[in-house]
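Colleague: If it helps, the file is called start_5.pdb and holds PDB, C-alpha atoms:
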```pdb
ATOM      1  CA  MET A1477     -58.924-219.101 123.017  1.00  0.00           C
ATOM      2  CA  TYR A1478     -59.784-220.327 119.528  1.00  0.00           C
ATOM      3  CA  LYS A1479     -59.296-223.975 120.625  1.00  0.00           C
ATOM      4  CA  ARG A1480     -61.753-223.549 123.520  1.00  0.00           C
ATOM      5  CA  ILE A1481     -64.409-222.048 121.262  1.00  0.00           C
ATOM      6  CA  ALA A1482     -63.878-224.805 118.691  1.00  0.00           C
ATOM      7  CA  SER A1483     -64.119-227.531 121.347  1.00  0.00           C
ATOM      8  CA  ALA A1484     -67.159-225.908 122.953  1.00  0.00           C
ATOM      9  CA  SER A1485     -68.731-225.646 119.524  1.00  0.00           C
ATOM     10  CA  ALA A1486     -67.989-229.325 118.821  1.00  0.00           C
ATOM     11  CA  VAL A1487     -69.487-230.358 122.154  1.00  0.00           C
ATOM     12  CA  LEU A1488     -72.593-228.253 121.479  1.00  0.00           C
ATOM     13  CA  MET A1489     -72.999-229.809 118.016  1.00  0.00           C
ATOM     14  CA  LEU A1490     -72.584-233.290 119.499  1.00  0.00           C
ATOM     15  CA  LEU A1491     -75.224-232.601 122.172  1.00  0.00           C
ATOM     16  CA  CYS A1492     -77.647-231.215 119.580  1.00  0.00           C
ATOM     17  CA  GLY A1493     -77.109-234.299 117.440  1.00  0.00           C
ATOM     18  CA  LEU A1494     -77.796-236.586 120.386  1.00  0.00           C
ATOM     19  CA  LEU A1495     -80.948-234.673 121.310  1.00  0.00           C
ATOM     20  CA  LEU A1496     -82.251-234.807 117.759  1.00  0.00           C
ATOM     21  CA  SER A1497     -81.562-238.522 117.383  1.00  0.00           C
ATOM     22  CA  SER A1498     -83.173-239.337 120.768  1.00  0.00           C
ATOM     23  CA  SER A1499     -86.224-237.241 119.784  1.00  0.00           C
ATOM     24  CA  ALA A1500     -86.548-239.253 116.582  1.00  0.00           C
ATOM     25  CA  VAL A1501     -86.399-242.516 118.556  1.00  0.00           C
ATOM     26  CA  ALA A1502     -88.971-241.241 121.076  1.00  0.00           C
ATOM     27  CA  ALA A1503     -91.312-240.179 118.263  1.00  0.00           C
ATOM     28  CA  GLN A1504     -91.246-243.732 116.886  1.00  0.00           C
ATOM     29  CA  GLY A1505     -92.461-245.131 120.226  1.00  0.00           C
ATOM     30  CA  PRO A1506     -91.395-248.317 121.925  1.00  0.00           C
ATOM     31  CA  THR A1507     -90.489-251.350 119.891  1.00  0.00           C
ATOM     32  CA  PRO A1508     -93.377-253.845 119.891  1.00  0.00           C
ATOM     33  CA  GLN A1509     -92.726-256.958 121.930  1.00  0.00           C
ATOM     34  CA  ASP A1510     -93.601-260.512 121.031  1.00  0.00           C
ATOM     35  CA  SER A1511     -96.100-262.564 122.964  1.00  0.00           C
ATOM     36  CA  ASP A1512     -94.641-264.412 125.916  1.00  0.00           C
ATOM     37  CA  THR A1513     -93.931-268.028 125.043  1.00  0.00           C
ATOM     38  CA  ALA A1514     -95.289-269.288 128.382  1.00  0.00           C
ATOM     39  CA  TRP A1515     -97.234-268.308 131.471  1.00  0.00           C
ATOM     40  CA  GLN A1516     -95.213-267.228 134.486  1.00  0.00           C
ATOM     41  CA  ALA A1517     -96.835-269.219 137.302  1.00  0.00           C
ATOM     42  CA  TYR A1518     -96.543-268.402 141.006  1.00  0.00           C
ATOM     43  CA  TYR A1519     -97.985-270.643 143.746  1.00  0.00           C
ATOM     44  CA  TRP A1520     -98.638-269.916 147.436  1.00  0.00           C
ATOM     45  CA  ASN A1521     -99.475-272.243 150.339  1.00  0.00           C
ATOM     46  CA  ASN A1522    -102.341-269.931 151.338  1.00  0.00           C
ATOM     47  CA  MET A1523    -105.561-268.844 149.628  1.00  0.00           C
ATOM     48  CA  ALA A1524    -104.770-265.104 149.663  1.00  0.00           C
ATOM     49  CA  LEU A1525    -101.781-264.876 147.283  1.00  0.00           C
ATOM     50  CA  ALA A1526     -99.998-263.502 150.351  1.00  0.00           C
ATOM     51  CA  GLY A1527     -96.290-263.288 151.065  1.00  0.00           C
ATOM     52  CA  GLU A1528     -93.547-264.754 148.926  1.00  0.00           C
ATOM     53  CA  PRO A1529     -94.626-267.491 146.501  1.00  0.00           C
ATOM     54  CA  ALA A1530     -93.665-271.002 147.612  1.00  0.00           C
ATOM     55  CA  TYR A1531     -93.057-272.042 144.000  1.00  0.00           C
ATOM     56  CA  HIS A1532     -92.451-270.327 140.633  1.00  0.00           C
ATOM     57  CA  THR A1533     -92.303-271.920 137.191  1.00  0.00           C
ATOM     58  CA  SER A1534     -93.166-271.371 133.516  1.00  0.00           C
ATOM     59  CA  GLU A1535     -96.146-273.224 132.069  1.00  0.00           C
ATOM     60  CA  SER A1536     -96.954-273.495 128.367  1.00  0.00           C
ATOM     61  CA  THR A1537    -100.719-273.665 128.982  1.00  0.00           C
ATOM     62  CA  LEU A1538    -103.094-272.708 131.745  1.00  0.00           C
ATOM     63  CA  ASP A1539    -105.086-275.950 131.728  1.00  0.00           C
ATOM     64  CA  HIS A1540    -105.031-277.720 135.085  1.00  0.00           C
ATOM     65  CA  ASN A1541    -107.233-280.389 136.628  1.00  0.00           C
ATOM     66  CA  TRP A1542    -105.403-281.508 139.762  1.00  0.00           C
ATOM     67  CA  GLY A1543    -108.433-283.309 141.208  1.00  0.00           C
ATOM     68  CA  THR A1544    -107.638-283.760 144.905  1.00  0.00           C
ATOM     69  CA  GLY A1545    -103.897-283.714 144.238  1.00  0.00           C
ATOM     70  CA  ARG A1546    -101.335-280.955 144.528  1.00  0.00           C
ATOM     71  CA  PRO A1547     -99.970-278.825 141.676  1.00  0.00           C
ATOM     72  CA  TYR A1548     -96.309-279.350 142.636  1.00  0.00           C
ATOM     73  CA  PRO A1549     -94.587-281.160 145.523  1.00  0.00           C
ATOM     74  CA  ALA A1550     -93.869-277.811 147.245  1.00  0.00           C
ATOM     75  CA  ILE A1551     -97.589-276.874 147.214  1.00  0.00           C
ATOM     76  CA  GLN A1552    -100.250-278.335 149.479  1.00  0.00           C
ATOM     77  CA  ALA A1553    -103.313-280.051 147.953  1.00  0.00           C
ATOM     78  CA  ASP A1554    -105.878-277.695 149.538  1.00  0.00           C
ATOM     79  CA  GLN A1555    -105.933-274.055 150.557  1.00  0.00           C
ATOM     80  CA  PHE A1556    -103.402-272.816 148.004  1.00  0.00           C
ATOM     81  CA  SER A1557    -103.476-269.984 145.483  1.00  0.00           C
ATOM     82  CA  ALA A1558    -101.797-269.207 142.178  1.00  0.00           C
ATOM     83  CA  ARG A1559    -101.189-266.333 139.789  1.00  0.00           C
ATOM     84  CA  TRP A1560    -100.319-266.654 136.108  1.00  0.00           C
ATOM     85  CA  THR A1561     -99.090-263.716 134.020  1.00  0.00           C
ATOM     86  CA  ARG A1562     -98.424-263.336 130.319  1.00  0.00           C
ATOM     87  CA  TYR A1563     -98.190-260.727 127.555  1.00  0.00           C
ATOM     88  CA  LEU A1564    -100.084-261.559 124.362  1.00  0.00           C
ATOM     89  CA  ASP A1565    -100.206-259.676 121.051  1.00  0.00           C
ATOM     90  CA  LEU A1566    -103.876-259.666 120.105  1.00  0.00           C
ATOM     91  CA  SER A1567    -106.128-257.827 117.665  1.00  0.00           C
ATOM     92  CA  GLY A1568    -109.836-258.416 117.126  1.00  0.00           C
ATOM     93  CA  THR A1569    -112.691-259.848 119.175  1.00  0.00           C
ATOM     94  CA  TYR A1570    -111.586-262.590 121.566  1.00  0.00           C
ATOM     95  CA  ARG A1571    -113.497-264.928 123.858  1.00  0.00           C
ATOM     96  CA  PHE A1572    -111.826-265.505 127.225  1.00  0.00           C
ATOM     97  CA  THR A1573    -113.114-268.652 128.929  1.00  0.00           C
ATOM     98  CA  ALA A1574    -112.201-269.496 132.516  1.00  0.00           C
ATOM     99  CA  THR A1575    -113.019-272.786 134.215  1.00  0.00           C
ATOM    100  CA  SER A1576    -112.349-273.225 137.906  1.00  0.00           C
ATOM    101  CA  ASP A1577    -113.174-275.166 141.015  1.00  0.00           C
ATOM    102  CA  ASP A1578    -112.943-272.592 143.536  1.00  0.00           C
ATOM    103  CA  GLY A1579    -112.151-268.942 142.914  1.00  0.00           C
ATOM    104  CA  ILE A1580    -110.782-267.385 139.742  1.00  0.00           C
ATOM    105  CA  ARG A1581    -110.243-263.817 138.508  1.00  0.00           C
ATOM    106  CA  VAL A1582    -109.020-262.742 135.082  1.00  0.00           C
ATOM    107  CA  TYR A1583    -107.541-259.318 134.344  1.00  0.00           C
ATOM    108  CA  LEU A1584    -106.878-257.867 130.910  1.00  0.00           C
ATOM    109  CA  ASP A1585    -104.594-254.815 130.846  1.00  0.00           C
ATOM    110  CA  GLY A1586    -105.289-254.242 134.546  1.00  0.00           C
ATOM    111  CA  ILE A1587    -109.102-254.448 134.282  1.00  0.00           C
ATOM    112  CA  GLN A1588    -110.966-257.394 135.777  1.00  0.00           C
ATOM    113  CA  ILE A1589    -112.981-259.160 133.070  1.00  0.00           C
ATOM    114  CA  ILE A1590    -113.930-262.326 134.995  1.00  0.00           C
ATOM    115  CA  GLY A1591    -114.600-262.402 138.723  1.00  0.00           C
ATOM    116  CA  GLU A1592    -115.667-265.686 140.297  1.00  0.00           C
ATOM    117  CA  TRP A1593    -113.757-265.227 143.579  1.00  0.00           C
ATOM    118  CA  TYR A1594    -115.747-267.551 145.866  1.00  0.00           C
ATOM    119  CA  ASP A1595    -115.952-271.259 146.708  1.00  0.00           C
ATOM    120  CA  HIS A1596    -117.807-273.225 144.028  1.00  0.00           C
ATOM    121  CA  GLY A1597    -117.741-276.496 142.135  1.00  0.00           C
ATOM    122  CA  THR A1598    -116.357-276.678 138.608  1.00  0.00           C
ATOM    123  CA  LYS A1599    -117.811-273.738 136.715  1.00  0.00           C
ATOM    124  CA  THR A1600    -117.081-272.130 133.314  1.00  0.00           C
ATOM    125  CA  VAL A1601    -117.513-268.423 132.532  1.00  0.00           C
ATOM    126  CA  SER A1602    -116.838-266.644 129.222  1.00  0.00           C
ATOM    127  CA  VAL A1603    -116.536-263.019 128.200  1.00  0.00           C
ATOM    128  CA  ASP A1604    -115.955-261.484 124.755  1.00  0.00           C
ATOM    129  CA  LYS A1605    -113.591-258.523 124.396  1.00  0.00           C
ATOM    130  CA  VAL A1606    -112.785-256.298 121.415  1.00  0.00           C
ATOM    131  CA  LEU A1607    -109.041-255.587 121.488  1.00  0.00           C
ATOM    132  CA  SER A1608    -107.051-253.051 119.533  1.00  0.00           C
ATOM    133  CA  ALA A1609    -103.904-254.380 117.905  1.00  0.00           C
ATOM    134  CA  GLY A1610    -101.061-254.580 120.357  1.00  0.00           C
ATOM    135  CA  HIS A1611     -99.525-256.022 123.428  1.00  0.00           C
ATOM    136  CA  HIS A1612    -102.033-257.030 126.155  1.00  0.00           C
ATOM    137  CA  TRP A1613    -101.195-258.042 129.750  1.00  0.00           C
ATOM    138  CA  VAL A1614    -103.202-261.028 131.027  1.00  0.00           C
ATOM    139  CA  VAL A1615    -103.247-261.969 134.721  1.00  0.00           C
ATOM    140  CA  VAL A1616    -105.155-264.923 136.155  1.00  0.00           C
ATOM    141  CA  GLU A1617    -105.569-265.404 139.915  1.00  0.00           C
ATOM    142  CA  TYR A1618    -106.899-268.589 141.455  1.00  0.00           C
ATOM    143  CA  TYR A1619    -107.460-270.142 144.840  1.00  0.00           C
ATOM    144  CA  GLU A1620    -108.331-273.681 145.946  1.00  0.00           C
ATOM    145  CA  ASN A1621    -110.133-274.188 149.244  1.00  0.00           C
ATOM    146  CA  GLY A1622    -110.927-277.910 149.315  1.00  0.00           C
ATOM    147  CA  GLY A1623    -112.014-280.893 147.248  1.00  0.00           C
ATOM    148  CA  ASP A1624    -111.244-280.892 143.543  1.00  0.00           C
ATOM    149  CA  ALA A1625    -108.938-278.260 142.059  1.00  0.00           C
ATOM    150  CA  VAL A1626    -109.399-276.985 138.494  1.00  0.00           C
ATOM    151  CA  ALA A1627    -107.934-273.868 136.835  1.00  0.00           C
ATOM    152  CA  ARG A1628    -108.148-273.218 133.086  1.00  0.00           C
ATOM    153  CA  LEU A1629    -108.095-270.229 130.768  1.00  0.00           C
ATOM    154  CA  SER A1630    -108.506-270.203 127.017  1.00  0.00           C
ATOM    155  CA  CYS A1631    -108.555-267.274 124.641  1.00  0.00           C
ATOM    156  CA  CYS A1632    -109.836-267.674 121.105  1.00  0.00           C
ATOM    157  CA  LEU A1633    -110.241-265.229 118.242  1.00  0.00           C
ATOM    158  CA  LEU A1634    -113.867-264.727 117.176  1.00  0.00           C
ATOM    159  CA  TYR A1635    -113.538-261.862 114.664  1.00  0.00           C
ATOM    160  CA  THR A1636    -110.707-259.822 113.200  1.00  0.00           C
TER     161      THR A1636
END
```
Produce structure tokens that represent the structure in this file.

Modeller:
Amino acid sequence: MYKRIASASAVLMLLCGLLLSSSAVAAQGPTPQDSDTAWQAYYWNNMALAGEPAYHTSESTLDHNWGTGRPYPAIQADQFSARWTRYLDLSGTYRFTATSDDGIRVYLDGIQIIGEWYDHGTKTVSVDKVLSAGHHWVVVEYYENGGDAVARLSCCLLYT
């Protein structure tokens, strides 16, 4: 009987120790992540970002001027769409500048900050955002209908 009580007591102490250590980890919060080193780029052979992407790659910058050409051999020259995603660690006031020839949308932490989702010639739009220190999710969506194809996004620090 004494052995069972001792082993039950040991198990109880072990469980309490695990609970306390996991509570301490939870109180510290998640470990901050680094910024992604590249954009994850997904391309579709339709203008609606619909279905499975026809092509996926990593791109170091989001700065494209394809003219009347195609982004990649697997993607048609007109009537395609793309989505780029990336986490960035930012803090301060930033200017997001999007240039596109046809439609572009930019989302920051799930909120649309630029919405030019219609056919147009090359156009540039900027928006300034004050960001608390931390990890921010940036998503850019783009479609090309016809003619020239341009998709660019820059983000520059204005104030800390």

Colleague: What's around segment 1545-1552 of chain A at 7 Å? Count all atoms listed in the file, leave out sequence neighbours fewer than 3 positions away in its own chain, and write the answer as a VMD selection string.

Modeller: chain A and resid 1521 1530 to 1531 1542 1556

Colleague: Evaluate the PyMOL selection byres ((chain A and resi 1539) around 10) here and jot the selected residues down as a list in words.

Modeller: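 Selected by the PyMOL selection byres ((chain A and resi 1539) around 10) in this file: Glu1535, Ser1536, Thr1537, Leu1538, His1540, Asn1541, Trp1542, Ala1574, Thr1575, Ser1576, Val1626, Ala1627, Arg1628, Leu1629 and Ser1630 of chain A.
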
Colleague: Mind giving me the straight-line distance from atom CA of Leu1566 of chain A to atom CA of Tyr1518 of chain A in Å, one decimal?

Modeller: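 Calculated distance between atom CA of Leu1566 of chain A and atom CA of Tyr1518 of chain A is 23.8 Å.
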
Colleague: Translate the PyMOL selection byres ((chain A and resi 1559) around 10) into a concrete residue list for this structure, as a ChimeraX atom specification.

Modeller: /A:1515-1520,1525,1529,1532,1557-1558,1560-1561,1580-1582,1615-1619

Colleague: Would you compute the distance between atom CA of Gly1591 of chain A and atom CA of Asp1577 of chain A? Give it in Å to one decimal.

Modeller: 13.0 Å

Colleague: Once the PyMOL selection byres ((chain A and resi 1611) around 10) has been applied to the shown file, what residues remain in the selection, as a VMD selection string?

Modeller: chain A and resid 1508 to 1511 1563 to 1567 1585 1607 to 1610 1612 to 1614

Colleague: Tell me, in Å to one decimal, how far atom CA of His1596 of chain A is from atom CA of Ala1526 of chain A.

Modeller: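 Between these atoms lies a distance of 21.3 Å.
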
Colleague: Box for segment 1619-1626 of chain A: with edges along x, y and z, all listed atoms inside and 4 Å added on each side, what are the centre and edge lengths in Å to one decimal, as AutoDock Vina command-line options?

Modeller:
```
--center_x -109.7 --center_y -275.5 --center_z 143.9 --size_x 12.6 --size_y 18.8 --size_z 18.8
```

Colleague: Could you check the closest approach to Thr1600 of chain A for each of A:Ile1587, A:Thr1573, A:Met1523, A:Asp1624 and tell me which residue wins, using all atoms listed in the file?

Modeller: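 Residue with the minimum atom-to-atom distance to Thr1600 of chain A: A:Thr1573.
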
Colleague: Pick from A:Leu1633, A:Val1603, A:Ala1514, A:Ala1524: nearest to Thr1569 of chain A, with only C-alpha atoms counted?

Modeller: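 Comparing A:Leu1633, A:Val1603, A:Ala1514, A:Ala1524 against Thr1569 of chain A, the winner is A:Leu1633.
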
Colleague: Rank A:Ala1625, A:Asp1604, A:Tyr1594, A:Tyr1583 by their smallest atom-to-atom distance to Gly1568 of chain A, using all atoms listed in the file, and report the top residue only.

Modeller: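 Going through A:Ala1625, A:Asp1604, A:Tyr1594, A:Tyr1583 one by one, the smallest distance to Gly1568 of chain A is for A:Asp1604.
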